2 protein chains.
Amino acid sequence: MSDRKISEIGEFEFISRLGLDLPELPGVLKSVGDDTAVLGPDEKGRLLLLTTDTIVEGVHFLKSAPCFDVGWKAMASNISDIAAMGGQPMHAVVALSAPESIELASLDELYDGMKAVADKFGVNIVGGDTTRSKQGLIVTVTLTGRVERERVALRSSARPGDRILVTGKLGGSILGRHLRFGPRVDEARFLVEHFSPLTMIDLSDGLASDISRIAEQSSVGARIFAEKVPVSDDAVKLSQKDKVSPVGHALFDGEDFELLITMGPEKALRACGLFEREFDLCLTVVGEIVKEAGKVTLVDVDKTEHELKPGGYDHFKKHN
Amino acid sequence: MSDRKISEIGEFEFISRLGLDLPELPGVLKSVGDDTAVLGPDEKGRLLLLTTDTIVEGVHFLKSAPCFDVGWKAMASNISDIAAMGGQPMHAVVALSAPESIELASLDELYDGMKAVADKFGVNIVGGDTTRSKQGLIVTVTLTGRVERERVALRSSARPGDRILVTGKLGGSILGRHLRFGPRVDEARFLVEHFSPLTMIDLSDGLASDISRIAEQSSVGARIFAEKVPVSDDAVKLSQKDKVSPVGHALFDGEDFELLITMGPEKALRACGLFEREFDLCLTVVGEIVKEAGKVTLVDVDKTEHELKPGGYDHFKKHN
């Protein structure tokens with residue numbers, strides 16, 4: 001065919017290639033293209049969710065990262081994917097590749113981290129596979145979850161006029177939050193219980209990237225208002241070092257693991273009020289869904305409007 | 001605690017450590033310690049099976065192995081685990097770590113191999129995760145399956161007096177069969193439909209190793225009769241090169257991906273007759289389950305009896 005390298009097309013295009021090839025499958029409501037696969041429904045109208053996430057030493061965490069935190073992140077990133085569907089996480093299997101030289105105490109710590117966040121969210125670790133790696137730790141967690149059919153939150157249901165909302169404050173997760181974060185399971189369940197149908201994704205690649213995925217899957221466009229984006233203290237801190245503006249970090253940094261939601265304007269108004277009474281966390285309107293498919297723009301503080309290109313962490317492309 | 005390395009205790013002990021730590025979980029019938037986790041049952045009395053298997057370049061396959069075959073193996077080894085529970089495989093997710101330099105054509109081939117064996121056994125690939133690796137390809141497939149509660153074939157139900165049976169001929173899989181093998185789904189389904197309850201495992205680490213696992217999980221012992229072990233042509237071929245006897249290869253080589261079964265003597269007799277009329281494959285009695293827990297012996301051709309130590313491929317130990 002050709003000798004193109006995967007680094008030339010990036011992870012997203014590669015995943016799309018796979019998706020295009022997949023036929024419509026019986027019993028499969030949604031496969032490649034959302035936070036998790038959606039299977040079922042069973043006799044009670046519940047859907048089974050299935051998701052897998054790998055973290056690689058030297059790519060997603062440094063060799064120097066505490067093993068407990070690495071285990072936490074491997075499990076929590078999957079829990080976050082189930083949360084983004086409005087689901088309740090259930091059962092996990094763990095595939096671990098480790099170099100021969102690794103100390104047992106480190107692996108025990110890794111599992112302690114996984115178990116700590118699994119316990120917190122009612123996840124059972126039910127099995128796994130342990131293999132030797134040639135270089136560094138690689139942890140793949142696969143997680144099942146369950147959600148009522150009428151509450152499943154896909155990426156593909158955003159409609160023009162919808163408000164775009166985010167939980168929490170964004171940017172600068174690299175200063176620590178990207179490892180020991182708390183997946184937004186309870187918050188997501190609250191939202192789907194009170195405001196379904198809605199559209200949802202977890203912020204793993206950055207707001208600019210992830211809103212583009214919703215736009216693409218829903219065949220709509222989006223406008224984000226720079227002045228409304230909630231900026232974390234870490235984004236401000238980072239900004240003092242690297243000259244990228246705090247809102248730049250909030251838009252383009254990955255691994256916030258907050259929720260990005262769209263819903264109708266009246267519902268959005270009610271949601272913000274109810275949510276902040278229920279949780280110690282802000283829910284903020286940051287933009288709106290528009291009709292023009294694929295057109296994702298940023299309305300800057302000076303009211304000028306720019307195309308918002310996904311600048312998130314794409315595993316196969318160089319950073320700017 | 002200590003600075004013991006994982007290479008000092010081996011994969012099996014490490015997995016046991018994890019198992020010991022797991023509490024009894026609601027809705028989890030079986031976790032670490034069998035071919036798959038067993039969850040459920042659902043409203044119709046069916047169990048959900050969940051399994052994960054990783055293959056690593058340089059450990060489970062060579063860099064020179066055809067990508068199609070690597071994909072086939074990654075998927076087929078999971079299908080084989082579901083088969084070993086008596087189950088029907090259903091939905092798979094694929095976590096792929098690849099070096100940046102890999103060619104797209106190679107990845108397409110890899111997925112073609114996965115899809116080929118998935119299609120053959122009615123498995124839907126419903127999602128995945130693609131990440132960058134620091135060295136070589138690493139493929140983790142996680143697979144769900146389903147089995148009727150009364151037909152699930154555990155490792156822990158072998159009883160003294162049971163006959164030990166294997167499908168096919170064993171040994172020398174390294175000459176090619178270890179990559180493009182056909183998981184024994186139909187054969188396993190046939191056996192559990194006609195002869196449940198029975199005990200079953202797939203031969204991934206070698207007969208000597210895998211019968212020890214059944215013995216351990218069932219708190220029994222086992223005797224294998226050397227002269228009854230069906231020896232493959234590949235075992236004979238390999239034996240001409242390396243001076244290990246053909247039956248040595250049949251006992252200790254890994255990755256045959258045949259079924260190892262135990263059931264009562266009358267059922268075993270009927271099973272052999274029926275099975276060989278149904279399939280173009282032999283089903284052979286190779287030994288018997290005995291009372292003495294953990295005592296696994298080989299009755300040699302000269303009738304002398306020796307302890308049969310697991311000599312299968314343990315990923316963290318050196319070969320003899």
# chains A, B, ... in the order shown; residues from 1 in each chain; ligands from 1
call {"tool": "calpha_fit_and_write", "arguments": {"fixed": "chain A", "moving": "chain B", "output": "compact mmCIF listing (two decimals) with C-alpha atoms, in the first residue's frame"}}
result
# COMPACT_ATOMS: atom_id res chain seq x y z
CA MET B 1 -0.05 0.07 0.05
CA SER B 2 2.38 2.70 1.26
CA ASP B 3 5.07 3.07 3.82
CA ARG B 4 3.35 5.87 5.71
CA LYS B 5 4.17 5.88 9.38
CA ILE B 6 1.61 6.11 12.12
CA SER B 7 3.38 9.27 13.32
CA GLU B 8 2.30 11.00 10.09
CA ILE B 9 -1.41 10.58 10.64
CA GLY B 10 -1.73 10.72 14.41
CA GLU B 11 -3.79 8.70 16.83
CA PHE B 12 -7.15 10.24 16.01
CA GLU B 13 -7.01 9.55 12.31
CA PHE B 14 -5.78 6.05 13.01
CA ILE B 15 -8.71 5.39 15.34
CA SER B 16 -11.09 6.80 12.71
CA ARG B 17 -9.68 4.41 10.12
CA LEU B 18 -10.53 1.53 12.40
CA GLY B 19 -13.99 2.90 13.03
CA LEU B 20 -14.74 3.23 9.33
CA ASP B 21 -13.96 -0.38 8.85
CA LEU B 22 -16.31 -1.66 11.50
CA PRO B 23 -19.63 -2.90 10.21
CA GLU B 24 -22.88 -2.28 12.06
CA LEU B 25 -22.88 -4.97 14.68
CA PRO B 26 -25.86 -6.68 16.26
CA GLY B 27 -26.12 -5.85 19.96
CA VAL B 28 -23.51 -3.12 19.63
CA LEU B 29 -25.03 0.36 19.93
CA LYS B 30 -21.80 2.30 19.79
CA SER B 31 -18.23 1.19 19.24
CA VAL B 32 -15.11 3.16 18.22
CA GLY B 33 -15.88 6.89 18.50
CA ASP B 34 -17.18 7.32 22.04
CA ASP B 35 -15.68 7.11 25.53
CA THR B 36 -16.66 3.46 25.79
CA ALA B 37 -18.32 0.76 23.72
CA VAL B 38 -22.03 0.43 24.43
CA LEU B 39 -23.48 -3.08 24.38
CA GLY B 40 -26.87 -4.54 25.08
CA PRO B 41 -29.45 -3.73 26.29
CA ASP B 42 -30.15 -6.58 28.72
CA GLU B 43 -33.60 -7.74 29.86
CA LYS B 44 -33.90 -4.78 32.24
CA GLY B 45 -33.04 -2.21 29.56
CA ARG B 46 -29.59 -1.60 30.94
CA LEU B 47 -26.57 -1.15 28.69
CA LEU B 48 -23.18 -2.74 29.28
CA LEU B 49 -20.24 -0.35 28.85
CA LEU B 50 -16.75 -1.59 28.01
CA THR B 51 -13.58 0.50 27.87
CA THR B 52 -9.82 0.00 27.86
CA ASP B 53 -6.98 2.43 28.54
CA THR B 54 -3.23 1.93 28.51
CA ILE B 55 -0.60 4.00 30.26
CA VAL B 56 3.02 3.69 29.23
CA GLU B 57 6.13 4.65 31.22
CA GLY B 58 7.89 7.55 29.54
CA VAL B 59 4.73 8.52 27.64
CA HIS B 60 1.96 8.95 30.24
CA PHE B 61 4.08 9.01 33.36
CA LEU B 62 7.75 9.36 34.26
CA LYS B 63 9.86 6.55 35.64
CA SER B 64 10.15 8.68 38.78
CA ALA B 65 6.37 8.85 39.37
CA PRO B 66 5.27 7.11 42.58
CA CYS B 67 3.97 3.62 41.73
CA PHE B 68 0.87 4.18 43.84
CA ASP B 69 -0.03 7.18 41.68
CA VAL B 70 0.63 5.26 38.46
CA GLY B 71 -1.75 2.51 39.60
CA TRP B 72 -4.31 5.12 40.62
CA LYS B 73 -4.12 6.80 37.21
CA ALA B 74 -4.36 3.54 35.25
CA MET B 75 -7.61 2.66 37.03
CA ALA B 76 -9.01 6.19 37.37
CA SER B 77 -8.72 7.04 33.67
CA ASN B 78 -10.96 4.08 32.85
CA ILE B 79 -13.43 4.98 35.60
CA SER B 80 -13.52 8.46 34.08
CA ASP B 81 -14.51 6.98 30.69
CA ILE B 82 -17.41 5.08 32.26
CA ALA B 83 -18.44 8.27 34.10
CA ALA B 84 -18.45 10.17 30.80
CA MET B 85 -21.17 7.79 29.53
CA GLY B 86 -23.26 8.44 32.63
CA GLY B 87 -22.45 4.94 33.86
CA GLN B 88 -21.64 3.14 37.06
CA PRO B 89 -18.25 1.35 36.87
CA MET B 90 -18.27 -2.34 37.81
CA HIS B 91 -15.54 -4.89 37.04
CA ALA B 92 -11.92 -4.42 35.98
CA VAL B 93 -9.18 -6.65 34.59
CA VAL B 94 -5.57 -5.52 34.68
CA ALA B 95 -2.89 -6.38 32.10
CA LEU B 96 0.53 -5.49 33.41
CA SER B 97 3.83 -5.61 31.49
CA ALA B 98 6.83 -5.06 33.74
CA PRO B 99 10.58 -5.32 33.26
CA GLU B 100 12.26 -8.26 34.99
CA SER B 101 14.22 -5.94 37.22
CA ILE B 102 11.21 -4.35 38.89
CA GLU B 103 10.93 -4.71 42.65
CA LEU B 104 7.97 -6.52 44.14
CA ALA B 105 7.40 -3.65 46.54
CA SER B 106 6.86 -1.34 43.55
CA LEU B 107 4.28 -3.69 42.05
CA ASP B 108 2.50 -3.99 45.38
CA GLU B 109 2.35 -0.19 45.53
CA LEU B 110 1.02 -0.07 41.97
CA TYR B 111 -1.80 -2.48 42.88
CA ASP B 112 -2.46 -0.57 46.11
CA GLY B 113 -3.02 2.56 44.04
CA MET B 114 -5.36 0.73 41.67
CA LYS B 115 -7.29 -0.84 44.52
CA ALA B 116 -7.58 2.45 46.41
CA VAL B 117 -9.43 4.22 43.60
CA ALA B 118 -11.29 1.02 42.61
CA ASP B 119 -12.65 0.66 46.17
CA LYS B 120 -13.64 4.31 46.29
CA PHE B 121 -15.85 3.85 43.23
CA GLY B 122 -17.16 0.33 43.90
CA VAL B 123 -15.04 -1.32 41.20
CA ASN B 124 -14.02 -4.99 41.60
CA ILE B 125 -10.65 -6.05 40.19
CA VAL B 126 -11.54 -9.54 38.95
CA GLY B 127 -8.53 -10.73 37.00
CA GLY B 128 -5.58 -9.92 34.82
CA ASP B 129 -2.48 -10.94 32.99
CA THR B 130 1.14 -10.33 33.94
CA THR B 131 3.86 -10.34 31.31
CA ARG B 132 7.46 -9.30 30.94
CA SER B 133 8.17 -6.05 29.11
CA LYS B 134 11.36 -5.13 27.31
CA GLN B 135 11.34 -1.58 28.59
CA GLY B 136 9.38 0.11 31.38
CA LEU B 137 5.97 -0.46 32.89
CA ILE B 138 2.86 -0.67 30.73
CA VAL B 139 -0.51 -0.96 32.43
CA THR B 140 -3.74 -1.66 30.56
CA VAL B 141 -6.96 -1.61 32.56
CA THR B 142 -10.22 -2.75 31.00
CA LEU B 143 -13.39 -1.81 32.82
CA THR B 144 -17.06 -2.68 32.49
CA GLY B 145 -19.89 -0.42 33.55
CA ARG B 146 -23.64 -0.20 33.43
CA VAL B 147 -26.07 2.55 32.52
CA GLU B 148 -29.82 2.70 32.02
CA ARG B 149 -30.65 2.91 28.31
CA GLU B 150 -32.49 6.24 28.70
CA ARG B 151 -29.56 7.83 30.54
CA VAL B 152 -26.57 6.92 28.37
CA ALA B 153 -24.62 10.09 27.49
CA LEU B 154 -23.12 9.79 24.00
CA ARG B 155 -20.86 12.21 22.14
CA SER B 156 -23.20 12.27 19.19
CA SER B 157 -26.33 13.95 20.54
CA ALA B 158 -25.30 17.64 20.71
CA ARG B 159 -27.82 19.97 19.02
CA PRO B 160 -27.48 23.59 17.81
CA GLY B 161 -28.43 25.94 20.65
CA ASP B 162 -27.14 23.55 23.35
CA ARG B 163 -24.98 25.14 26.00
CA ILE B 164 -21.47 23.71 26.53
CA LEU B 165 -20.55 23.15 30.19
CA VAL B 166 -17.53 21.93 32.11
CA THR B 167 -17.09 20.74 35.68
CA GLY B 168 -14.23 22.08 37.80
CA LYS B 169 -11.33 24.27 36.68
CA LEU B 170 -9.03 23.46 33.81
CA GLY B 171 -5.36 23.45 32.84
CA GLY B 172 -1.98 22.69 34.35
CA SER B 173 -2.84 19.13 35.43
CA ILE B 174 0.79 18.19 34.76
CA LEU B 175 1.67 19.80 38.10
CA GLY B 176 0.11 16.78 39.84
CA ARG B 177 -3.61 16.42 39.17
CA HIS B 178 -3.00 14.26 36.08
CA LEU B 179 -2.04 11.32 38.33
CA ARG B 180 -4.21 11.35 41.46
CA PHE B 181 -7.47 12.77 40.10
CA GLY B 182 -10.96 11.87 41.24
CA PRO B 183 -13.07 10.63 38.34
CA ARG B 184 -16.44 12.44 38.22
CA VAL B 185 -18.70 9.41 38.61
CA ASP B 186 -21.14 10.85 41.15
CA GLU B 187 -21.29 14.16 39.31
CA ALA B 188 -21.98 12.45 35.98
CA ARG B 189 -24.63 10.19 37.51
CA PHE B 190 -26.31 13.24 39.04
CA LEU B 191 -26.37 14.98 35.67
CA VAL B 192 -27.78 12.05 33.69
CA GLU B 193 -30.35 11.31 36.41
CA HIS B 194 -31.69 14.88 36.32
CA PHE B 195 -30.96 16.21 32.83
CA SER B 196 -30.93 13.36 30.29
CA PRO B 197 -30.68 13.33 27.38
CA LEU B 198 -27.35 15.14 27.30
CA THR B 199 -23.98 14.86 25.57
CA MET B 200 -20.86 14.11 27.61
CA ILE B 201 -17.15 13.34 27.29
CA ASP B 202 -14.33 13.40 29.83
CA LEU B 203 -11.57 15.94 29.28
CA SER B 204 -8.57 13.76 28.57
CA ASP B 205 -6.98 15.56 25.61
CA GLY B 206 -7.90 19.15 26.45
CA LEU B 207 -11.06 21.24 25.97
CA ALA B 208 -10.13 22.32 22.43
CA SER B 209 -9.59 18.73 21.35
CA ASP B 210 -12.50 17.16 23.16
CA ILE B 211 -15.13 19.71 22.08
CA SER B 212 -14.03 18.99 18.49
CA ARG B 213 -14.81 15.34 19.05
CA ILE B 214 -18.32 16.15 20.22
CA ALA B 215 -18.74 18.47 17.22
CA GLU B 216 -17.52 15.79 14.85
CA GLN B 217 -19.61 12.97 16.32
CA SER B 218 -22.72 15.19 16.45
CA SER B 219 -22.17 16.85 13.04
CA VAL B 220 -22.38 20.32 14.56
CA GLY B 221 -20.02 23.20 15.37
CA ALA B 222 -19.12 24.89 18.65
CA ARG B 223 -18.16 28.30 20.01
CA ILE B 224 -16.12 28.57 23.20
CA PHE B 225 -15.95 31.92 25.05
CA ALA B 226 -12.42 32.44 26.36
CA GLU B 227 -13.51 34.65 29.24
CA LYS B 228 -15.90 31.98 30.56
CA VAL B 229 -13.41 29.11 30.70
CA PRO B 230 -12.71 28.32 34.38
CA VAL B 231 -8.95 28.40 34.90
CA SER B 232 -7.25 26.33 37.60
CA ASP B 233 -4.59 27.64 39.96
CA ASP B 234 -2.17 25.18 38.34
CA ALA B 235 -2.77 26.78 34.93
CA VAL B 236 -1.90 30.16 36.43
CA LYS B 237 1.23 28.75 38.08
CA LEU B 238 2.38 27.06 34.88
CA SER B 239 1.69 30.22 32.91
CA GLN B 240 4.17 32.13 35.06
CA LYS B 241 6.89 29.74 33.95
CA ASP B 242 6.21 29.19 30.28
CA LYS B 243 4.49 32.32 28.93
CA VAL B 244 1.45 30.46 27.67
CA SER B 245 -1.62 32.29 28.98
CA PRO B 246 -3.60 30.60 31.77
CA VAL B 247 -6.61 30.27 29.47
CA GLY B 248 -4.27 28.72 26.86
CA HIS B 249 -3.41 26.05 29.37
CA ALA B 250 -7.11 25.61 30.25
CA LEU B 251 -7.96 25.13 26.56
CA PHE B 252 -5.08 22.96 25.40
CA ASP B 253 -3.62 21.03 28.34
CA GLY B 254 -4.76 17.43 28.60
CA GLU B 255 -5.70 15.15 31.47
CA ASP B 256 -8.04 17.36 33.47
CA PHE B 257 -10.48 14.41 33.64
CA GLU B 258 -13.32 16.85 34.21
CA LEU B 259 -16.64 16.45 32.37
CA LEU B 260 -17.54 18.35 29.20
CA ILE B 261 -21.31 18.40 28.68
CA THR B 262 -23.86 19.85 26.29
CA MET B 263 -27.59 20.31 27.01
CA GLY B 264 -30.40 22.73 26.12
CA PRO B 265 -30.17 26.30 27.53
CA GLU B 266 -32.99 26.05 30.10
CA LYS B 267 -31.70 22.75 31.43
CA ALA B 268 -28.16 24.19 31.57
CA LEU B 269 -29.34 27.05 33.76
CA ARG B 270 -31.11 24.71 36.18
CA ALA B 271 -28.19 22.27 36.14
CA CYS B 272 -25.67 24.91 37.25
CA GLY B 273 -27.81 25.88 40.24
CA LEU B 274 -28.63 22.34 41.35
CA PHE B 275 -25.13 21.00 40.74
CA GLU B 276 -23.33 23.51 42.89
CA ARG B 277 -25.73 22.88 45.78
CA GLU B 278 -25.00 19.14 45.52
CA PHE B 279 -21.22 19.15 44.96
CA ASP B 280 -18.26 21.19 46.11
CA LEU B 281 -17.39 21.82 42.47
CA CYS B 282 -18.32 24.41 39.88
CA LEU B 283 -20.33 23.68 36.73
CA THR B 284 -19.77 26.43 34.19
CA VAL B 285 -21.27 27.35 30.82
CA VAL B 286 -18.29 27.95 28.50
CA GLY B 287 -19.90 28.07 25.08
CA GLU B 288 -22.65 26.97 22.73
CA ILE B 289 -23.28 24.45 20.00
CA VAL B 290 -23.83 25.96 16.53
CA LYS B 291 -25.18 24.54 13.29
CA GLU B 292 -22.09 24.67 11.07
CA ALA B 293 -20.70 21.13 11.11
CA GLY B 294 -17.06 20.94 12.15
CA LYS B 295 -16.66 24.69 12.75
CA VAL B 296 -15.16 25.00 16.21
CA THR B 297 -14.18 28.53 17.20
CA LEU B 298 -12.88 30.47 20.16
CA VAL B 299 -14.42 33.86 20.92
CA ASP B 300 -11.50 35.71 22.47
CA VAL B 301 -11.71 38.23 25.28
CA ASP B 302 -11.54 41.03 22.67
CA LYS B 303 -14.55 39.44 20.84
CA THR B 304 -12.44 38.35 17.85
CA GLU B 305 -13.28 34.83 16.71
CA HIS B 306 -10.62 32.27 15.75
CA GLU B 307 -10.71 28.70 14.58
CA LEU B 308 -9.96 26.44 17.53
CA LYS B 309 -7.69 23.66 16.34
CA PRO B 310 -7.36 20.58 18.47
CA GLY B 311 -4.06 21.12 20.23
CA GLY B 312 -4.45 18.40 22.80
CA TYR B 313 -1.93 15.72 23.48
CA ASP B 314 -1.96 13.47 20.47
CA HIS B 315 0.28 10.52 21.27
CA PHE B 316 1.74 10.26 17.83
CA LYS B 317 2.36 13.90 16.98
CA LYS B 318 5.01 16.33 18.11
CA HIS B 319 3.98 19.14 20.38
CA ASN B 320 4.16 22.73 19.16
call {"tool": "select_by_dssp", "arguments": {"residues": "region 12-261 of chain B", "states": "strand (DSSP E or B)", "output": "ChimeraX atom specification"}}
result
/B:28-30,32,34,37-39,46-57,61,88-98,103,124-132,138-148,163-167,170,199-202,221-225,231,259-261
